[in-house]
file entry_24.txt (compact mmCIF, N, CA and C atoms and all ligand atoms)
# COMPACT_ATOMS: atom_id res chain seq x y z
N MET H 115 59.04 19.26 50.36
CA MET H 115 57.87 19.14 51.23
C MET H 115 58.18 18.15 52.35
N ASN H 116 57.90 18.50 53.62
CA ASN H 116 58.21 17.54 54.67
C ASN H 116 57.18 16.40 54.67
N THR H 117 57.57 15.28 55.35
CA THR H 117 56.76 14.05 55.26
C THR H 117 55.33 14.26 55.76
N ASN H 118 55.18 14.97 56.89
CA ASN H 118 53.84 15.16 57.44
C ASN H 118 52.95 15.96 56.50
N LEU H 119 53.55 16.98 55.87
CA LEU H 119 52.78 17.81 54.95
C LEU H 119 52.38 16.98 53.72
N ALA H 120 53.31 16.16 53.23
CA ALA H 120 53.03 15.31 52.07
C ALA H 120 51.92 14.32 52.41
N ARG H 121 51.96 13.76 53.62
CA ARG H 121 50.92 12.81 54.05
C ARG H 121 49.57 13.49 54.14
N ALA H 122 49.56 14.68 54.76
CA ALA H 122 48.30 15.40 54.92
C ALA H 122 47.72 15.76 53.55
N ALA H 123 48.59 16.16 52.61
CA ALA H 123 48.12 16.54 51.27
C ALA H 123 47.55 15.31 50.55
N SER H 124 48.24 14.16 50.67
CA SER H 124 47.76 12.93 50.00
C SER H 124 46.43 12.50 50.60
N LEU H 125 46.33 12.59 51.93
CA LEU H 125 45.10 12.19 52.60
C LEU H 125 43.95 13.11 52.19
N GLY H 126 44.24 14.41 52.11
CA GLY H 126 43.23 15.39 51.69
C GLY H 126 42.74 15.08 50.28
N ALA H 127 43.70 14.76 49.39
CA ALA H 127 43.33 14.44 48.00
C ALA H 127 42.49 13.17 47.96
N ALA H 128 42.87 12.17 48.79
CA ALA H 128 42.12 10.90 48.82
C ALA H 128 40.69 11.15 49.30
N PHE H 129 40.53 11.97 50.36
CA PHE H 129 39.18 12.27 50.85
C PHE H 129 38.36 12.99 49.78
N LEU H 130 39.02 13.92 49.08
CA LEU H 130 38.31 14.67 48.04
C LEU H 130 37.78 13.72 46.96
N ILE H 131 38.64 12.80 46.52
CA ILE H 131 38.23 11.83 45.49
C ILE H 131 37.10 10.95 46.02
N MET H 132 37.21 10.54 47.31
CA MET H 132 36.16 9.69 47.90
C MET H 132 34.82 10.42 47.93
N PHE H 133 34.85 11.70 48.30
CA PHE H 133 33.58 12.44 48.38
C PHE H 133 33.00 12.67 46.98
N LEU H 134 33.87 13.08 46.03
CA LEU H 134 33.35 13.34 44.68
C LEU H 134 32.79 12.06 44.05
N SER H 135 33.56 10.96 44.17
CA SER H 135 33.08 9.70 43.57
C SER H 135 31.85 9.18 44.32
N GLY H 136 31.81 9.38 45.65
CA GLY H 136 30.65 8.95 46.45
C GLY H 136 29.39 9.70 46.03
N PHE H 137 29.51 11.03 45.86
CA PHE H 137 28.34 11.82 45.43
C PHE H 137 27.90 11.37 44.04
N TRP H 138 28.86 11.06 43.20
CA TRP H 138 28.56 10.59 41.84
C TRP H 138 27.76 9.28 41.91
N LEU H 139 28.26 8.34 42.73
CA LEU H 139 27.58 7.04 42.86
C LEU H 139 26.14 7.24 43.34
N ASN H 140 25.99 8.10 44.35
CA ASN H 140 24.67 8.34 44.92
C ASN H 140 23.73 8.97 43.89
N ARG H 141 24.25 9.93 43.10
CA ARG H 141 23.43 10.63 42.11
C ARG H 141 22.97 9.74 40.99
N LYS H 142 23.92 8.91 40.49
CA LYS H 142 23.59 8.05 39.34
C LYS H 142 22.83 6.80 39.76
N GLY H 143 23.00 6.38 41.03
CA GLY H 143 22.27 5.22 41.54
C GLY H 143 22.74 3.89 40.97
N LYS H 144 21.96 2.84 41.30
CA LYS H 144 22.32 1.48 40.86
C LYS H 144 21.82 1.22 39.45
N PRO H 145 22.45 0.38 38.64
CA PRO H 145 23.74 -0.26 38.93
C PRO H 145 24.87 0.78 38.88
N TYR H 146 25.78 0.70 39.87
CA TYR H 146 26.83 1.70 39.97
C TYR H 146 27.79 1.62 38.79
N ASP H 147 28.22 2.79 38.32
CA ASP H 147 29.21 2.87 37.25
C ASP H 147 30.47 2.10 37.70
N THR H 148 30.86 1.11 36.90
CA THR H 148 31.96 0.22 37.32
C THR H 148 33.26 0.98 37.59
N LEU H 149 33.61 1.91 36.68
CA LEU H 149 34.88 2.63 36.82
C LEU H 149 34.89 3.48 38.10
N ILE H 150 33.81 4.27 38.27
CA ILE H 150 33.76 5.17 39.44
C ILE H 150 33.72 4.33 40.73
N PHE H 151 32.95 3.25 40.71
CA PHE H 151 32.84 2.43 41.92
C PHE H 151 34.17 1.75 42.24
N THR H 152 34.90 1.32 41.17
CA THR H 152 36.21 0.69 41.41
C THR H 152 37.18 1.71 42.00
N ILE H 153 37.18 2.94 41.45
CA ILE H 153 38.06 4.00 41.99
C ILE H 153 37.71 4.24 43.46
N HIS H 154 36.39 4.35 43.74
CA HIS H 154 35.91 4.61 45.11
C HIS H 154 36.41 3.51 46.07
N LYS H 155 36.29 2.25 45.63
CA LYS H 155 36.68 1.14 46.51
C LYS H 155 38.20 1.06 46.68
N MET H 156 38.92 1.26 45.56
CA MET H 156 40.39 1.12 45.61
C MET H 156 41.00 2.21 46.49
N ILE H 157 40.50 3.45 46.33
CA ILE H 157 41.05 4.53 47.15
C ILE H 157 40.65 4.30 48.61
N GLY H 158 39.43 3.79 48.83
CA GLY H 158 38.99 3.47 50.20
C GLY H 158 39.90 2.42 50.81
N LEU H 159 40.26 1.42 50.00
CA LEU H 159 41.16 0.36 50.48
C LEU H 159 42.54 0.95 50.80
N GLY H 160 43.02 1.82 49.90
CA GLY H 160 44.32 2.48 50.10
C GLY H 160 44.32 3.29 51.39
N MET H 161 43.18 3.96 51.66
CA MET H 161 43.08 4.75 52.89
C MET H 161 43.12 3.85 54.12
N GLY H 162 42.48 2.69 54.01
CA GLY H 162 42.48 1.73 55.11
C GLY H 162 43.90 1.25 55.40
N ILE H 163 44.67 0.96 54.35
CA ILE H 163 46.06 0.50 54.51
C ILE H 163 46.90 1.62 55.13
N PHE H 164 46.69 2.84 54.62
CA PHE H 164 47.41 4.02 55.11
C PHE H 164 47.13 4.23 56.61
N LEU H 165 45.86 4.08 56.98
CA LEU H 165 45.45 4.26 58.37
C LEU H 165 46.15 3.21 59.24
N TYR H 166 46.12 1.96 58.79
CA TYR H 166 46.74 0.87 59.55
C TYR H 166 48.24 1.11 59.73
N MET H 167 48.92 1.48 58.61
CA MET H 167 50.37 1.68 58.68
C MET H 167 50.74 2.86 59.56
N THR H 168 49.94 3.93 59.48
CA THR H 168 50.21 5.11 60.29
C THR H 168 50.08 4.78 61.77
N ILE H 169 49.00 4.06 62.11
CA ILE H 169 48.79 3.72 63.53
C ILE H 169 49.91 2.80 64.02
N ARG H 170 50.31 1.85 63.16
CA ARG H 170 51.39 0.92 63.55
C ARG H 170 52.69 1.69 63.83
N GLN H 171 52.96 2.67 62.93
CA GLN H 171 54.18 3.46 63.08
C GLN H 171 54.14 4.30 64.36
N ILE H 172 53.00 4.94 64.61
CA ILE H 172 52.86 5.76 65.81
C ILE H 172 53.02 4.89 67.06
N HIS H 173 52.39 3.72 67.01
CA HIS H 173 52.44 2.79 68.14
C HIS H 173 53.88 2.39 68.47
N ARG H 174 54.69 2.23 67.40
CA ARG H 174 56.08 1.81 67.60
C ARG H 174 56.97 2.92 68.13
N THR H 175 56.70 4.16 67.66
CA THR H 175 57.64 5.24 67.96
C THR H 175 57.24 6.13 69.14
N ALA H 176 55.96 6.08 69.53
CA ALA H 176 55.55 6.97 70.62
C ALA H 176 54.54 6.28 71.51
N SER H 177 54.50 6.70 72.76
CA SER H 177 53.44 6.16 73.61
C SER H 177 52.32 7.19 73.67
N LEU H 178 51.11 6.72 73.46
CA LEU H 178 49.98 7.64 73.37
C LEU H 178 49.32 7.80 74.74
N ASP H 179 48.83 9.02 75.01
CA ASP H 179 48.08 9.18 76.25
C ASP H 179 46.63 8.75 76.00
N PRO H 180 45.84 8.57 77.08
CA PRO H 180 44.49 8.02 76.91
C PRO H 180 43.61 8.80 75.92
N ILE H 181 43.74 10.13 75.91
CA ILE H 181 42.92 10.94 74.98
C ILE H 181 43.30 10.60 73.53
N GLU H 182 44.60 10.47 73.29
CA GLU H 182 45.06 10.15 71.93
C GLU H 182 44.58 8.76 71.51
N ILE H 183 44.62 7.81 72.44
CA ILE H 183 44.13 6.45 72.13
C ILE H 183 42.64 6.50 71.79
N LEU H 184 41.90 7.30 72.55
CA LEU H 184 40.46 7.45 72.31
C LEU H 184 40.20 8.05 70.92
N LEU H 185 41.00 9.06 70.56
CA LEU H 185 40.85 9.71 69.25
C LEU H 185 41.14 8.73 68.12
N VAL H 186 42.24 7.96 68.28
CA VAL H 186 42.60 6.98 67.25
C VAL H 186 41.49 5.94 67.11
N ALA H 187 41.00 5.44 68.26
CA ALA H 187 39.95 4.40 68.23
C ALA H 187 38.69 4.94 67.56
N PHE H 188 38.33 6.19 67.87
CA PHE H 188 37.13 6.78 67.29
C PHE H 188 37.28 6.93 65.76
N THR H 189 38.49 7.34 65.34
CA THR H 189 38.73 7.49 63.90
C THR H 189 38.63 6.15 63.19
N VAL H 190 39.23 5.11 63.78
CA VAL H 190 39.17 3.77 63.17
C VAL H 190 37.71 3.31 63.08
N LEU H 191 36.95 3.50 64.17
CA LEU H 191 35.56 3.03 64.17
C LEU H 191 34.71 3.78 63.15
N SER H 192 34.91 5.10 63.03
CA SER H 192 34.10 5.84 62.07
C SER H 192 34.49 5.47 60.63
N PHE H 193 35.80 5.21 60.42
CA PHE H 193 36.22 4.75 59.09
C PHE H 193 35.55 3.41 58.77
N LEU H 194 35.58 2.48 59.75
CA LEU H 194 34.97 1.16 59.54
C LEU H 194 33.47 1.27 59.29
N ALA H 195 32.82 2.21 60.01
CA ALA H 195 31.38 2.39 59.82
C ALA H 195 31.09 2.90 58.40
N THR H 196 31.96 3.79 57.89
CA THR H 196 31.78 4.30 56.52
C THR H 196 31.93 3.16 55.52
N VAL H 197 32.98 2.36 55.69
CA VAL H 197 33.23 1.25 54.77
C VAL H 197 32.10 0.22 54.85
N THR H 198 31.65 -0.08 56.07
CA THR H 198 30.60 -1.10 56.24
C THR H 198 29.28 -0.66 55.62
N THR H 199 28.87 0.59 55.89
CA THR H 199 27.59 1.05 55.33
C THR H 199 27.68 1.16 53.81
N GLY H 200 28.84 1.61 53.31
CA GLY H 200 29.03 1.69 51.85
C GLY H 200 28.97 0.30 51.22
N SER H 201 29.62 -0.67 51.88
CA SER H 201 29.62 -2.03 51.35
C SER H 201 28.21 -2.62 51.37
N LEU H 202 27.46 -2.36 52.47
CA LEU H 202 26.09 -2.89 52.55
C LEU H 202 25.22 -2.33 51.42
N LEU H 203 25.41 -1.02 51.13
CA LEU H 203 24.59 -0.41 50.07
C LEU H 203 24.91 -0.98 48.70
N SER H 204 26.13 -1.50 48.56
CA SER H 204 26.53 -1.99 47.23
C SER H 204 26.26 -3.48 47.04
N VAL H 205 25.79 -4.16 48.11
CA VAL H 205 25.48 -5.60 47.98
C VAL H 205 24.30 -5.76 47.02
N PRO H 206 24.44 -6.62 46.00
CA PRO H 206 23.33 -6.78 45.06
C PRO H 206 22.22 -7.66 45.62
N VAL H 207 21.28 -7.05 46.33
CA VAL H 207 20.13 -7.79 46.87
C VAL H 207 18.86 -7.23 46.24
N SER H 208 17.82 -8.07 46.16
CA SER H 208 16.60 -7.61 45.50
C SER H 208 15.87 -6.56 46.35
N LYS H 209 15.91 -6.72 47.69
CA LYS H 209 15.24 -5.73 48.56
C LYS H 209 16.22 -4.60 48.88
N PRO H 210 15.79 -3.33 48.81
CA PRO H 210 16.70 -2.24 49.17
C PRO H 210 17.06 -2.30 50.65
N MET H 211 18.25 -1.78 50.98
CA MET H 211 18.69 -1.76 52.38
C MET H 211 17.79 -0.81 53.18
N PRO H 212 17.62 -1.06 54.49
CA PRO H 212 16.83 -0.12 55.32
C PRO H 212 17.40 1.30 55.19
N ASP H 213 16.52 2.29 55.28
CA ASP H 213 16.92 3.70 55.10
C ASP H 213 18.05 4.11 56.05
N ILE H 214 18.08 3.49 57.24
CA ILE H 214 19.10 3.87 58.23
C ILE H 214 20.52 3.64 57.68
N VAL H 215 20.68 2.60 56.84
CA VAL H 215 22.02 2.30 56.30
C VAL H 215 22.46 3.46 55.40
N SER H 216 21.53 3.90 54.55
CA SER H 216 21.83 5.00 53.64
C SER H 216 22.09 6.30 54.42
N THR H 217 21.28 6.53 55.45
CA THR H 217 21.46 7.74 56.27
C THR H 217 22.83 7.72 56.93
N LEU H 218 23.20 6.57 57.52
CA LEU H 218 24.50 6.47 58.19
C LEU H 218 25.64 6.65 57.19
N ASN H 219 25.43 6.14 55.96
CA ASN H 219 26.47 6.28 54.93
C ASN H 219 26.63 7.74 54.48
N LYS H 220 25.63 8.56 54.74
CA LYS H 220 25.74 9.99 54.41
C LYS H 220 26.41 10.76 55.55
N ILE H 221 26.29 10.22 56.78
CA ILE H 221 26.82 10.94 57.95
C ILE H 221 28.27 10.55 58.25
N PHE H 222 28.55 9.24 58.22
CA PHE H 222 29.87 8.77 58.68
C PHE H 222 31.06 9.31 57.88
N PRO H 223 30.94 9.52 56.54
CA PRO H 223 32.11 10.10 55.86
C PRO H 223 32.54 11.43 56.47
N TYR H 224 31.56 12.27 56.88
CA TYR H 224 31.90 13.57 57.47
C TYR H 224 32.55 13.39 58.84
N ILE H 225 32.00 12.44 59.62
CA ILE H 225 32.58 12.17 60.95
C ILE H 225 34.02 11.66 60.78
N THR H 226 34.22 10.83 59.74
CA THR H 226 35.57 10.28 59.50
C THR H 226 36.56 11.38 59.16
N VAL H 227 36.16 12.29 58.26
CA VAL H 227 37.06 13.41 57.89
C VAL H 227 37.39 14.24 59.12
N LEU H 228 36.35 14.55 59.89
CA LEU H 228 36.55 15.40 61.06
C LEU H 228 37.46 14.73 62.09
N SER H 229 37.19 13.46 62.39
CA SER H 229 38.00 12.81 63.43
C SER H 229 39.41 12.55 62.92
N THR H 230 39.56 12.30 61.59
CA THR H 230 40.92 12.13 61.04
C THR H 230 41.71 13.43 61.19
N ALA H 231 41.04 14.55 60.89
CA ALA H 231 41.72 15.86 60.98
C ALA H 231 42.12 16.15 62.42
N ILE H 232 41.19 15.93 63.35
CA ILE H 232 41.48 16.23 64.76
C ILE H 232 42.59 15.30 65.28
N THR H 233 42.47 14.00 64.96
CA THR H 233 43.48 13.04 65.43
C THR H 233 44.86 13.38 64.85
N SER H 234 44.89 13.71 63.55
CA SER H 234 46.17 14.04 62.92
C SER H 234 46.78 15.28 63.57
N TYR H 235 45.93 16.26 63.87
CA TYR H 235 46.42 17.49 64.49
C TYR H 235 47.11 17.17 65.83
N PHE H 236 46.51 16.27 66.59
CA PHE H 236 47.08 15.93 67.90
C PHE H 236 48.33 15.06 67.79
N LEU H 237 48.36 14.18 66.79
CA LEU H 237 49.44 13.20 66.75
C LEU H 237 50.65 13.60 65.92
N LEU H 238 50.43 14.44 64.89
CA LEU H 238 51.56 14.68 63.96
C LEU H 238 52.36 15.92 64.36
C1 LIG U 301 35.98 0.72 50.52
C2 LIG U 301 34.79 0.72 51.05
C3 LIG U 301 33.65 1.58 50.53
C4 LIG U 301 32.60 1.17 49.78
C5 LIG U 301 32.32 -0.24 49.27
C6 LIG U 301 31.76 2.32 49.54
C7 LIG U 301 30.59 2.32 48.82
C8 LIG U 301 29.78 3.41 48.60
C9 LIG U 301 28.54 3.38 47.87
C10 LIG U 301 27.91 2.15 47.26
C11 LIG U 301 28.04 4.65 47.85
C12 LIG U 301 26.74 5.12 47.20
C13 LIG U 301 25.67 5.12 48.24
C14 LIG U 301 24.32 5.51 47.72
O1 LIG U 301 23.97 5.12 46.60
O2 LIG U 301 23.61 6.21 48.46
C15 LIG U 301 28.97 5.48 48.57
C16 LIG U 301 28.79 6.83 48.78
C17 LIG U 301 29.67 7.61 49.45
N1 LIG U 301 30.86 7.22 50.01
FE1 LIG U 301 31.61 5.34 50.02
N2 LIG U 301 32.31 3.42 50.13
C18 LIG U 301 33.47 3.02 50.75
C19 LIG U 301 34.33 3.80 51.49
C20 LIG U 301 34.19 5.16 51.66
C21 LIG U 301 35.12 6.00 52.41
C22 LIG U 301 36.35 5.50 53.16
C23 LIG U 301 34.66 7.28 52.31
C24 LIG U 301 35.25 8.54 52.87
C25 LIG U 301 35.50 8.71 54.12
C26 LIG U 301 33.43 7.25 51.53
C27 LIG U 301 32.67 8.34 51.22
C28 LIG U 301 31.46 8.32 50.57
C29 LIG U 301 30.61 9.48 50.36
C30 LIG U 301 30.88 10.92 50.84
C31 LIG U 301 29.49 9.04 49.68
C32 LIG U 301 28.28 9.89 49.24
C33 LIG U 301 27.22 9.85 50.32
C34 LIG U 301 26.08 10.79 50.00
O3 LIG U 301 25.30 10.47 49.14
O4 LIG U 301 25.98 11.85 50.63
N3 LIG U 301 33.19 5.95 51.15
N4 LIG U 301 30.01 4.71 49.02

call {"tool": "encode", "arguments": {"input": "entry_24.txt", "output": "structure tokens", "more": "lines below"}}
Ligand code: HEM
result
Amino acid sequence: MNTNLARAASLGAAFLIMFLSGFWLNRKGKPYDTLIFTIHKMIGLGMGIFLYMTIRQIHRTASLDPIEILLVAFTVLSFLATVTTGSLLSVPVSKPMPDIVSTLNKIFPYITVLSTAITSYFLL
């Protein structure tokens, strides 16, 4: 298997696990199942490291045109928005988070998958 295909397959598997574990967390509600939540966070962290390393590698080996830079920036921002809203929902506070946080946490994972796919298509 070539490197790009292996990367795309690993990323696809990571997104699948994130979505399945995310739906599980949402369905079961608080307090979140420790094992599922740990898997969700660890894979999310792994994806963040993967994203950082990939961008660093691309930055070193190729010069990006403005559209590609815009795509990369959008992907990073949507990933950060997913992580931030997910983290806010998991903070143990007595008052529930405003509904907008939960709504954004339902939308941003899809935007992240879509922008990751589009950006990867252009860059790899
Ligand atoms: C590492 C940081 C992350 C944390 C702390 C986190 C936390 C959470 C929490 C607490 C929930 C349950 C929300 C609820 O009860 O409504 C959730 C759901 C979810 N998360 Fe994450 N998450 C993280 C990263 C990600 C990433 C990177 C993705 C994928 C791009 C993702 C995808 C999802 C999905 C699809 C759901 C289900 C949303 C729904 O109910 O429709 N999460 N996350």

call {"tool": "closest_residue", "arguments": {"input": "entry_24.txt", "among": "H:Leu185, H:Asp147, H:Ala120, H:Pro180", "to": "H:Ile232", "atoms": "only N, CA and C atoms"}}
result
H:Leu185

call {"tool": "residues_near_ligand", "arguments": {"input": "entry_24.txt", "ligand": "ligand LIG 301 (chain U)", "cutoff": "6.5 Å", "atoms": "all atoms listed in the file", "output": "VMD selection string"}}
result
chain H and resid 129 132 to 141 143 to 144 154 to 159 193 196 to 204 216 219 to 224 226 to 227

call {"tool": "closest_residue", "arguments": {"input": "entry_24.txt", "among": "H:Thr168, H:Thr175, H:Thr230, H:Pro206", "to": "H:Val190", "atoms": "all atoms listed in the file"}}
result
H:Thr230

call {"tool": "closest_residue", "arguments": {"input": "entry_24.txt", "among": "H:Ile153, H:Thr233, H:Leu238, H:Pro210", "to": "H:Thr189", "atoms": "only C-alpha atoms"}}
result
H:Thr233

call {"tool": "closest_residue", "arguments": {"input": "entry_24.txt", "among": "H:Leu119, H:Tyr146, H:Glu182, H:Gly162", "to": "H:Leu194", "atoms": "only C-alpha atoms"}}
result
H:Gly162

call {"tool": "closest_residue", "arguments": {"input": "entry_24.txt", "among": "H:Ala123, H:Leu237, H:Ala195, H:Leu178", "to": "H:Thr217", "atoms": "only C-alpha atoms"}}
result
H:Ala195

call {"tool": "atom_distance", "arguments": {"input": "entry_24.txt", "atom1": "atom C of H:Ala128", "atom2": "atom C of H:Gly160"}}
result
8.9 Å

call {"tool": "atom_distance", "arguments": {"input": "entry_24.txt", "atom1": "atom CA of H:Thr152", "atom2": "atom CA of H:Lys209"}}
result
23.1 Å

call {"tool": "select_by_dssp", "arguments": {"input": "entry_24.txt", "residues": "stretch 126-237 of chain H", "states": "alpha helix (DSSP H)", "output": "ChimeraX atom specification"}}
result
/H:126-142,148-175,180-204,213-237

call {"tool": "atom_distance", "arguments": {"input": "entry_24.txt", "atom1": "atom CA of H:Gly126", "atom2": "atom CA of H:Ala231"}}
result
9.4 Å

call {"tool": "closest_residue", "arguments": {"input": "entry_24.txt", "among": "H:Ala127, H:Leu165, H:Ile225, H:Ala176", "to": "H:Ser192", "atoms": "all atoms listed in the file"}}
result
H:Ile225
